[in-house]
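Asker: For reference, the file start-v4.txt (compact mmCIF, C-alpha atoms) is included below:
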```
# COMPACT_ATOMS: atom_id res chain seq x y z
CA MET A 25 2.76 20.11 -6.34
CA ALA A 26 -0.58 21.14 -7.77
CA GLU A 27 -0.26 17.92 -9.70
CA ALA A 28 -0.59 15.97 -6.49
CA GLU A 29 -4.08 17.11 -5.71
CA SER A 30 -5.58 18.67 -8.73
CA THR A 31 -9.28 18.18 -8.35
CA ALA A 32 -10.17 20.62 -11.09
CA LYS A 33 -10.83 18.93 -14.38
CA PRO A 34 -8.43 20.14 -16.99
CA PRO A 35 -10.27 21.61 -19.93
CA THR A 36 -9.18 18.81 -22.21
CA ASP A 37 -9.55 17.65 -25.63
CA ALA A 38 -11.57 14.68 -24.47
CA ASP A 39 -14.78 14.21 -26.28
CA PRO A 40 -17.58 14.95 -23.88
CA GLU A 41 -19.32 11.70 -24.67
CA THR A 42 -16.52 9.47 -23.50
CA ASP A 43 -15.44 11.88 -20.81
CA ASN A 44 -17.89 10.51 -18.27
CA GLU A 45 -17.26 6.85 -18.73
CA ALA A 46 -14.14 5.58 -20.40
CA VAL A 47 -11.10 4.91 -18.26
CA THR A 48 -7.95 5.54 -20.26
CA PHE A 49 -4.58 3.82 -20.13
CA THR A 50 -2.11 6.37 -21.37
CA LEU A 51 1.40 7.65 -20.95
CA ALA A 52 -0.05 10.80 -19.40
CA GLY A 53 -1.59 8.62 -16.69
CA VAL A 54 1.71 6.84 -16.06
CA ARG A 55 3.44 10.20 -15.83
CA GLU A 56 0.93 11.63 -13.39
CA GLY A 57 1.22 8.55 -11.18
CA PHE A 58 4.99 8.70 -11.31
CA ILE A 59 5.12 12.35 -10.22
CA THR A 60 2.46 12.03 -7.54
CA GLY A 61 4.05 8.85 -6.24
CA PHE A 62 7.57 10.20 -6.00
CA PRO A 63 7.50 11.75 -2.49
CA VAL A 64 5.75 8.68 -1.14
CA ALA A 65 8.28 6.41 -2.84
CA VAL A 66 11.06 8.28 -1.03
CA GLY A 67 9.44 7.28 2.27
CA VAL A 68 9.17 3.69 1.08
CA ALA A 69 12.82 3.73 0.08
CA GLY A 70 13.72 4.18 3.76
CA TYR A 71 12.33 0.70 4.28
CA GLY A 72 14.06 -0.59 1.18
CA VAL A 73 17.33 0.25 2.92
CA VAL A 74 16.20 -1.60 6.05
CA PHE A 75 15.23 -4.57 3.94
CA GLY A 76 18.64 -4.51 2.25
CA VAL A 77 20.42 -4.52 5.59
CA ILE A 78 18.40 -7.46 6.89
CA ALA A 79 18.73 -9.36 3.62
CA GLY A 80 22.50 -8.86 3.69
CA ARG A 81 22.69 -10.14 7.26
CA ALA A 82 20.59 -13.15 6.26
CA GLY A 83 23.30 -14.00 3.75
CA LEU A 84 21.68 -12.80 0.53
CA SER A 85 23.99 -11.30 -2.08
CA VAL A 86 23.30 -7.87 -3.59
CA ALA A 87 21.95 -9.55 -6.72
CA GLU A 88 19.67 -11.88 -4.77
CA ALA A 89 18.24 -9.11 -2.60
CA ALA A 90 17.68 -6.89 -5.64
CA LEU A 91 16.01 -9.75 -7.49
CA MET A 92 13.66 -10.29 -4.56
CA SER A 93 12.73 -6.61 -4.38
CA ALA A 94 12.21 -6.45 -8.13
CA THR A 95 10.01 -9.53 -8.39
CA VAL A 96 8.16 -9.63 -5.06
CA LEU A 97 7.65 -5.90 -4.38
CA ALA A 98 5.91 -6.27 -1.03
CA GLY A 99 7.72 -4.61 1.87
CA ALA A 100 6.30 -6.30 4.94
CA ALA A 101 6.29 -9.73 3.32
CA GLN A 102 9.90 -9.42 2.20
CA LEU A 103 11.07 -8.32 5.63
CA ILE A 104 9.30 -11.16 7.39
CA GLY A 105 10.34 -13.66 4.73
CA VAL A 106 14.00 -12.79 5.04
CA GLU A 107 13.90 -12.81 8.84
CA LEU A 108 12.43 -16.32 8.79
CA TRP A 109 15.04 -17.28 6.26
CA ALA A 110 17.82 -16.14 8.56
CA ASP A 111 16.40 -18.47 11.20
CA SER A 112 16.64 -21.31 8.65
CA VAL A 113 12.91 -21.89 8.49
CA PRO A 114 12.02 -24.25 5.59
CA ALA A 115 11.40 -22.59 2.22
CA ALA A 116 7.79 -23.75 2.04
CA THR A 117 7.05 -22.08 5.38
CA VAL A 118 8.70 -18.86 4.22
CA ILE A 119 6.58 -18.80 1.08
CA ALA A 120 3.36 -19.64 2.95
CA THR A 121 4.06 -16.87 5.47
CA VAL A 122 4.61 -14.41 2.65
CA GLY A 123 1.19 -15.39 1.27
CA ILE A 124 -0.49 -14.81 4.61
CA VAL A 125 1.18 -11.44 5.14
CA ASN A 126 0.00 -10.45 1.66
CA LEU A 127 -3.62 -11.54 2.05
CA ARG A 128 -4.69 -7.92 2.42
CA TYR A 129 -3.82 -7.44 -1.26
CA LEU A 130 -6.80 -9.64 -2.10
CA LEU A 131 -9.06 -6.99 -0.61
CA MET A 132 -7.09 -4.11 -2.09
CA GLY A 133 -7.29 -5.67 -5.55
CA ALA A 134 -11.03 -6.22 -5.12
CA ALA A 135 -11.42 -2.55 -4.21
CA LEU A 136 -9.77 -1.56 -7.51
CA ARG A 137 -12.29 -3.54 -9.51
CA PRO A 138 -14.78 -0.74 -10.28
CA TRP A 139 -11.99 1.14 -12.01
CA PHE A 140 -9.93 -1.69 -13.43
CA ARG A 141 -12.71 -3.67 -15.02
CA GLN A 142 -12.80 -0.99 -17.69
CA LEU A 143 -9.20 -1.67 -18.67
CA SER A 144 -7.97 -4.42 -20.94
CA PRO A 145 -6.94 -7.56 -19.04
CA ARG A 146 -3.33 -6.99 -20.07
CA ALA A 147 -3.30 -3.46 -18.69
CA ALA A 148 -5.16 -4.45 -15.51
CA TYR A 149 -3.20 -7.59 -14.64
CA GLY A 150 0.09 -6.04 -15.69
CA SER A 151 -0.45 -2.94 -13.57
CA ILE A 152 -1.57 -4.89 -10.54
CA PHE A 153 1.91 -6.36 -10.13
CA PHE A 154 3.03 -2.87 -9.11
CA THR A 155 0.52 -2.61 -6.27
CA ALA A 156 1.91 -1.73 -2.86
CA ASP A 157 0.08 -0.25 0.14
CA GLU A 158 1.24 3.25 -0.66
CA ASN A 159 0.36 3.53 -4.33
CA TRP A 160 -2.86 1.61 -3.79
CA ALA A 161 -3.87 4.39 -1.39
CA LEU A 162 -2.88 7.08 -3.90
CA THR A 163 -4.77 5.29 -6.65
CA ILE A 164 -7.97 4.90 -4.65
CA ALA A 165 -7.83 8.60 -3.80
CA LYS A 166 -7.28 9.44 -7.46
CA HIS A 167 -10.16 7.28 -8.55
CA ARG A 168 -12.52 8.78 -5.98
CA SER A 169 -11.62 12.27 -7.14
CA GLY A 170 -13.11 11.34 -10.50
CA SER A 171 -9.91 10.78 -12.46
CA ARG A 172 -10.16 8.56 -15.52
CA ARG A 173 -6.46 7.82 -15.80
CA GLY A 174 -6.27 4.07 -15.34
CA ALA A 175 -2.50 4.01 -15.76
CA PHE A 176 -2.07 5.94 -12.50
CA LEU A 177 -1.43 2.75 -10.49
CA LEU A 178 1.24 1.67 -12.97
CA GLY A 179 2.99 5.06 -12.89
CA SER A 180 2.95 5.40 -9.11
CA GLY A 181 4.03 1.76 -8.86
CA LEU A 182 6.94 2.22 -11.26
CA VAL A 183 8.51 5.05 -9.26
CA LEU A 184 8.02 3.01 -6.10
CA TRP A 185 9.56 -0.06 -7.73
CA LEU A 186 12.59 1.89 -8.94
CA LEU A 187 13.33 3.42 -5.56
CA TRP A 188 12.56 0.17 -3.74
CA VAL A 189 15.08 -1.81 -5.79
CA ALA A 190 17.70 0.96 -5.65
CA ALA A 191 17.26 1.32 -1.88
CA THR A 192 17.59 -2.44 -1.45
CA VAL A 193 20.94 -2.42 -3.21
CA LEU A 194 22.06 0.56 -1.15
CA GLY A 195 20.94 -1.22 2.03
CA VAL A 196 22.92 -4.40 1.34
CA ILE A 197 26.05 -2.43 0.47
CA ALA A 198 26.01 0.47 2.90
CA GLY A 199 22.86 0.23 4.98
CA ASP A 200 24.50 0.31 8.37
CA LEU A 201 25.79 3.80 7.70
CA LEU A 202 22.36 5.29 7.01
CA GLY A 203 20.52 4.73 10.28
CA VAL A 204 16.95 3.66 10.88
CA PRO A 205 13.84 5.08 9.17
CA GLU A 206 12.39 6.15 12.54
CA GLN A 207 15.22 8.64 12.80
CA TYR A 208 13.72 10.51 9.84
CA GLY A 209 10.09 9.95 10.78
CA LEU A 210 9.65 7.66 7.78
CA ASP A 211 7.83 5.10 9.89
CA PHE A 212 4.94 7.59 9.99
CA VAL A 213 4.64 8.09 6.22
CA LEU A 214 2.29 5.16 5.63
CA THR A 215 0.07 6.09 8.58
CA ALA A 216 -0.07 9.72 7.43
CA LEU A 217 -0.87 8.60 3.90
CA PHE A 218 -3.69 6.34 5.04
CA LEU A 219 -5.08 9.03 7.35
CA THR A 220 -5.14 11.49 4.46
CA LEU A 221 -6.91 8.91 2.34
CA ALA A 222 -9.38 8.30 5.16
CA VAL A 223 -10.27 12.01 5.22
CA GLY A 224 -11.03 11.80 1.51
CA LEU A 225 -13.06 8.60 1.87
CA TRP A 226 -15.13 9.85 4.79
CA GLU A 227 -18.77 10.18 3.77
CA GLY A 228 -20.22 11.52 6.99
CA ARG A 229 -22.83 9.55 8.90
CA GLU A 230 -22.82 6.72 6.39
CA SER A 231 -19.23 5.90 7.20
CA ILE A 232 -19.65 5.76 10.96
CA ARG A 233 -20.95 2.22 11.38
CA PRO A 234 -18.70 0.40 8.88
CA TRP A 235 -15.64 2.29 10.10
CA LEU A 236 -16.36 1.63 13.76
CA ALA A 237 -16.80 -2.05 12.94
CA ALA A 238 -13.54 -2.11 10.99
CA ALA A 239 -11.59 -0.28 13.70
CA GLY A 240 -13.06 -2.23 16.61
CA VAL A 241 -12.57 -5.65 15.05
CA ALA A 242 -9.07 -4.74 13.85
CA LEU A 243 -8.06 -3.62 17.34
CA VAL A 244 -9.31 -6.83 18.94
CA ALA A 245 -7.82 -9.01 16.18
CA ASN A 246 -4.49 -7.27 16.62
CA LEU A 247 -4.49 -8.26 20.29
CA VAL A 248 -5.45 -11.91 19.86
CA LEU A 249 -4.04 -12.92 16.46
CA PRO A 250 -0.46 -12.98 15.21
CA GLY A 251 0.84 -11.13 12.18
CA GLU A 252 -1.31 -8.93 9.99
CA TRP A 253 -4.60 -10.78 10.10
CA TYR A 254 -6.15 -7.74 11.74
CA VAL A 255 -6.16 -5.77 8.46
CA ILE A 256 -8.13 -8.43 6.61
CA ILE A 257 -10.52 -9.29 9.42
CA GLY A 258 -11.16 -5.66 10.32
CA ALA A 259 -11.74 -4.65 6.70
CA LEU A 260 -14.12 -7.55 6.12
CA ALA A 261 -16.01 -6.59 9.28
CA GLY A 262 -16.41 -3.05 7.96
CA ALA A 263 -17.66 -4.22 4.55
CA GLY A 264 -19.87 -6.81 6.27
CA MET A 265 -21.43 -4.12 8.46
CA GLN A 266 -22.30 -2.13 5.35
CA MET A 267 -23.86 -5.21 3.75
CA VAL A 268 -25.94 -5.89 6.85
CA ASP A 269 -27.08 -2.26 6.90
CA TYR A 270 -27.90 -2.20 3.21
CA GLU A 271 -31.41 -0.96 2.32
CA MET B 2 29.83 -11.64 2.78
CA SER B 3 29.23 -13.59 -0.37
CA ASP B 4 30.06 -12.33 -3.82
CA ALA B 5 27.77 -9.39 -4.61
CA LEU B 6 26.58 -10.82 -7.89
CA ALA B 7 26.15 -14.41 -6.73
CA LEU B 8 22.79 -16.00 -7.57
CA ASP B 9 22.33 -19.28 -5.75
CA PRO B 10 19.77 -21.45 -7.61
CA GLY B 11 18.10 -22.51 -4.36
CA VAL B 12 17.77 -18.90 -3.24
CA VAL B 13 16.41 -17.84 -6.62
CA ALA B 14 13.82 -20.63 -6.44
CA VAL B 15 12.54 -19.38 -3.07
CA ILE B 16 12.47 -15.81 -4.39
CA PHE B 17 10.34 -16.87 -7.34
CA GLY B 18 8.06 -18.76 -4.99
CA MET B 19 7.60 -15.60 -2.93
CA ALA B 20 7.04 -13.56 -6.09
CA LEU B 21 4.39 -15.94 -7.40
CA VAL B 22 2.47 -16.08 -4.15
CA THR B 23 2.59 -12.29 -3.89
CA TYR B 24 1.35 -11.76 -7.42
CA ALA B 25 -1.44 -14.26 -6.79
CA THR B 26 -2.68 -12.19 -3.84
CA LYS B 27 -2.42 -8.92 -5.77
CA ALA B 28 -4.25 -10.20 -8.84
CA GLY B 29 -6.51 -12.66 -7.03
CA GLY B 30 -8.91 -10.14 -5.51
CA LEU B 31 -9.39 -8.33 -8.78
CA TRP B 32 -9.95 -11.63 -10.57
CA LEU B 33 -12.35 -13.10 -8.01
CA VAL B 34 -14.59 -10.05 -7.91
CA GLY B 35 -14.71 -10.10 -11.69
CA ARG B 36 -15.78 -13.78 -11.75
CA VAL B 37 -18.94 -13.50 -9.73
CA ASP B 38 -22.03 -11.45 -10.34
CA LEU B 39 -22.25 -9.24 -7.30
CA SER B 40 -25.58 -8.48 -5.68
CA GLU B 41 -26.31 -4.84 -4.93
CA ARG B 42 -25.73 -5.65 -1.31
CA ALA B 43 -22.26 -6.99 -2.09
CA GLU B 44 -21.55 -3.94 -4.25
CA ALA B 45 -22.38 -1.76 -1.26
CA GLY B 46 -19.88 -3.74 0.78
CA LEU B 47 -17.25 -3.39 -1.95
CA ASP B 48 -17.94 0.33 -2.05
CA VAL B 49 -16.90 0.83 1.58
CA LEU B 50 -14.00 -1.64 1.33
CA PRO B 51 -11.26 0.96 0.71
CA GLY B 52 -12.28 2.92 3.81
CA ALA B 53 -12.57 -0.28 5.82
CA VAL B 54 -9.07 -1.42 4.77
CA VAL B 55 -7.65 1.97 5.68
CA VAL B 56 -9.32 2.11 9.09
CA ALA B 57 -8.45 -1.51 9.92
CA PHE B 58 -4.86 -0.74 9.08
CA VAL B 59 -4.54 2.56 10.89
CA ALA B 60 -6.46 1.90 14.13
CA PRO B 61 -4.01 -0.69 15.56
CA ALA B 62 -1.02 1.34 14.32
CA LEU B 63 -2.24 4.36 16.28
CA ALA B 64 -3.22 2.27 19.30
CA GLU B 65 0.34 0.95 19.44
CA GLY B 66 1.81 4.41 18.98
CA GLY B 67 2.28 7.02 21.67
CA VAL B 68 1.73 10.73 22.14
CA PRO B 69 3.92 11.73 19.13
CA GLU B 70 1.93 9.52 16.76
CA TRP B 71 -1.41 10.70 18.17
CA VAL B 72 -0.53 14.38 17.90
CA ALA B 73 0.89 13.85 14.41
CA ALA B 74 -2.24 11.93 13.39
CA GLY B 75 -4.41 14.82 14.53
CA ALA B 76 -2.25 17.30 12.63
CA THR B 77 -2.30 15.13 9.49
CA ILE B 78 -6.09 14.83 9.55
CA ALA B 79 -6.53 18.56 10.19
CA VAL B 80 -4.26 19.55 7.30
CA ALA B 81 -5.79 16.96 4.96
CA HIS B 82 -9.25 18.21 5.85
CA LYS B 83 -8.36 21.90 5.45
CA THR B 84 -6.18 21.78 2.35
CA GLY B 85 -6.84 18.46 0.65
CA SER B 86 -3.16 18.44 -0.27
CA LEU B 87 -1.42 15.11 0.09
CA LEU B 88 2.09 16.52 0.10
CA LEU B 89 1.22 19.05 2.77
CA SER B 90 -0.50 16.55 5.06
CA LEU B 91 2.36 14.03 4.68
CA GLY B 92 4.94 16.72 5.37
CA VAL B 93 3.10 18.06 8.41
CA GLY B 94 2.51 14.53 9.72
CA VAL B 95 6.13 13.43 9.46
CA GLY B 96 7.42 16.79 10.70
CA THR B 97 5.11 16.72 13.71
CA VAL B 98 6.07 13.19 14.68
CA LEU B 99 9.75 14.15 14.54
CA ILE B 100 9.30 17.29 16.62
CA VAL B 101 7.08 15.76 19.29
CA ARG B 102 9.44 12.80 19.67
CA GLN B 103 12.16 15.28 20.59
CA VAL B 104 9.98 16.79 23.28
CA VAL B 105 8.25 13.78 24.82
```
Please express what this file holds, its structure, as structure tokens.
Answerer:
Amino acid sequence: MAEAESTAKPPTDADPETDNEAVTFTLAGVREGFITGFPVAVGVAGYGVVFGVIAGRAGLSVAEAALMSATVLAGAAQLIGVELWADSVPAATVIATVGIVNLRYLLMGAALRPWFRQLSPRAAYGSIFFTADENWALTIAKHRSGSRRGAFLLGSGLVLWLLWVAATVLGVIAGDLLGVPEQYGLDFVLTALFLTLAVGLWEGRESIRPWLAAAGVALVANLVLPGEWYVIIGALAGAGMQMVDYE
Amino acid sequence: MSDALALDPGVVAVIFGMALVTYATKAGGLWLVGRVDLSERAEAGLDVLPGAVVVAFVAPALAEGGVPEWVAAGATIAVAHKTGSLLLSLGVGVGTVLIVRQVV
């Protein structure tokens, strides 16, 4: 509730000297991420069920599908990977396709750098495993609001991971009974989340040119290129526009 | 269907391949940016990257949507702007898309 959007700084214990700089990695941060991430993870779980259904049809056992969800944790890539698999595409092609679908994570990880470079490598590279589109968005929003809780990504990722794996199992076993995510409007959760994040990231006039570049290039790329290249190319165009405009 | 607990070694190998590649993309960006000394110009680009990713993601999704998605997007933005509450804007967005789909 209030937890989800508390912008007010709690009158904490923190020593005023470190308050401005140090990013922490604490249980409190994990907890906050977990709670904030829960409603979003419920939306993601709708797709976990879909993934389970498709994985089951592709011939994966419950254990295999759950293992994939637990170790890969990337919705779009898993769905596409399993669909290719069902068409008996060679394993190397499946893995390469998964890499291409996931290329946007390179940019998302880079965007976390200003926050994560203050964490220990173990904390940073351990947490980053739990990155998905949804909790990345929550984490960026949290960071921009001035939060110092570096464990937020881990906490929001853990709740997502739990529901993702559980929903996968449910999907393989009983998915056909549950219906499609569209029926519950869950297909709009990610868009709504990103739009909310966009409102928070908007910086007025300064944002106009990079955002127009990102949107325009993404729209064109989506028409002419297959798959999800549009996210990467559009985002790079936006950042590139800002670099050209710099000074 | 196969035995629920079956773990075929070939299948497990492909799964681990997928997992490795995915982790490499998640960690790779963070690692790469940490390797190089960024110019101020590059830092400025990195600064707008989150917004650029979001816009590049959302624009085609909305272009491919229809009236329900557009109305719901407007409602989501309005609520996010007014209240700043994530839960509220998500709820209104999903609720609006469901309602308008019934009507249109």
Asker: Hey, which of A:Ala238, A:Leu143, A:Ala245, A:Ala89 ends up closest to chain B? Count all atoms listed in the file.
Answerer: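 Of the candidates, the smallest distance to chain B is held by A:Ala238.
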Asker: Write out as a JSON list (two decimals) with C-alpha atoms, in the coordinates of the input the residues lying within 10 Å of stretch 85-90 of chain B, counting all atoms listed in the file and excluding same-chain residues fewer than 2 positions away.
Answerer:
```json
[["chain", "number", "residue", "atom", "x", "y", "z"],
["A", 25, "MET", "CA", 2.76, 20.11, -6.34],
["A", 26, "ALA", "CA", -0.58, 21.14, -7.77],
["A", 27, "GLU", "CA", -0.26, 17.92, -9.70],
["A", 28, "ALA", "CA", -0.59, 15.97, -6.49],
["A", 29, "GLU", "CA", -4.08, 17.11, -5.71],
["A", 30, "SER", "CA", -5.58, 18.67, -8.73],
["A", 31, "THR", "CA", -9.28, 18.18, -8.35],
["A", 60, "THR", "CA", 2.46, 12.03, -7.54],
["A", 63, "PRO", "CA", 7.50, 11.75, -2.49],
["A", 64, "VAL", "CA", 5.75, 8.68, -1.14],
["A", 162, "LEU", "CA", -2.88, 7.08, -3.90],
["A", 165, "ALA", "CA", -7.83, 8.60, -3.80],
["A", 213, "VAL", "CA", 4.64, 8.09, 6.22],
["A", 216, "ALA", "CA", -0.07, 9.72, 7.43],
["A", 217, "LEU", "CA", -0.87, 8.60, 3.90],
["A", 219, "LEU", "CA", -5.08, 9.03, 7.35],
["A", 220, "THR", "CA", -5.14, 11.49, 4.46],
["A", 221, "LEU", "CA", -6.91, 8.91, 2.34],
["A", 223, "VAL", "CA", -10.27, 12.01, 5.22],
["A", 224, "GLY", "CA", -11.03, 11.80, 1.51],
["B", 73, "ALA", "CA", 0.89, 13.85, 14.41],
["B", 74, "ALA", "CA", -2.24, 11.93, 13.39],
["B", 76, "ALA", "CA", -2.25, 17.30, 12.63],
["B", 77, "THR", "CA", -2.30, 15.13, 9.49],
["B", 78, "ILE", "CA", -6.09, 14.83, 9.55],
["B", 79, "ALA", "CA", -6.53, 18.56, 10.19],
["B", 80, "VAL", "CA", -4.26, 19.55, 7.30],
["B", 81, "ALA", "CA", -5.79, 16.96, 4.96],
["B", 82, "HIS", "CA", -9.25, 18.21, 5.85],
["B", 83, "LYS", "CA", -8.36, 21.90, 5.45],
["B", 92, "GLY", "CA", 4.94, 16.72, 5.37],
["B", 93, "VAL", "CA", 3.10, 18.06, 8.41],
["B", 94, "GLY", "CA", 2.51, 14.53, 9.72],
["B", 95, "VAL", "CA", 6.13, 13.43, 9.46],
["B", 96, "GLY", "CA", 7.42, 16.79, 10.70]]
```
Asker: For chain A, which of B:Ala20, B:Val105, B:Ile100, B:Val37 is the closest residue, counting all atoms listed in the file?
Answerer: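 Residue with the minimum atom-to-atom distance to chain A: B:Ala20.
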Asker: Go through A:Thr155, A:Thr95, A:Thr50, A:Ser85 one by one, measure the shortest atom-to-atom distance of each to B:Thr26 using all atoms listed in the file, and give the residue with the smallest value.
Answerer: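 Using all atoms listed in the file, the shortest distance to B:Thr26 belongs to A:Thr155.
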Asker: Which value, in Å to one decimal, gives the distance between atom CA of A:Gly80 and atom CA of A:Gly199?
Answerer: 9.2 Å
Asker: Taking all atoms of stretch 143-158 of chain A that appear in the file, build a box with edges along x, y and z, extend it by 6 Å on every side, and state its centre and edge lengths in Å to one decimal, as JSON.
Answerer:
```
{"center_x": -3.1, "center_y": -2.2, "center_z": -10.4, "size_x": 24.2, "size_y": 22.8, "size_z": 33.1}
```
Asker: Work out how far apart atom CA of A:Gly76 and atom CA of A:Leu194 are and give it in Å to one decimal.
Answerer: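 Atom-to-atom, atom CA of A:Gly76 to atom CA of A:Leu194, that is 7.0 Å.
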Asker: So how far away is atom CA of A:Tyr71 from atom CA of A:Leu186, in Å?
Answerer: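 These two atoms are separated by 13.3 Å.
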Asker: Calculated over only C-alpha atoms, which of the candidates A:Gly251, A:Gly181, A:Gly61, A:Gly195 has the smallest distance to A:Val122?
Answerer: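 Among A:Gly251, A:Gly181, A:Gly61, A:Gly195, it is A:Gly251 that comes nearest to A:Val122.
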Asker: At a cut-off of 7 Å, using all atoms listed in the file, what residues contact A:Tyr149? Leave out same-chain residues fewer than 4 positions from it and give the result as a list in words.
Answerer: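 In the requested format, the answer is Pro145 and Phe153 of chain A; Ala28 of chain B.
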Asker: Please produce an output containing C-alpha atoms for each residue in the selection, written as a PDB file, keeping the file's coordinate frame.
Answerer:
```pdb
ATOM      1  CA  PRO A 145      -6.940  -7.560 -19.040  1.00  0.00           C
ATOM      2  CA  PHE A 153       1.910  -6.360 -10.130  1.00  0.00           C
TER       3      PHE A 153
ATOM      4  CA  ALA B  28      -4.250 -10.200  -8.840  1.00  0.00           C
TER       5      ALA B  28
END
```
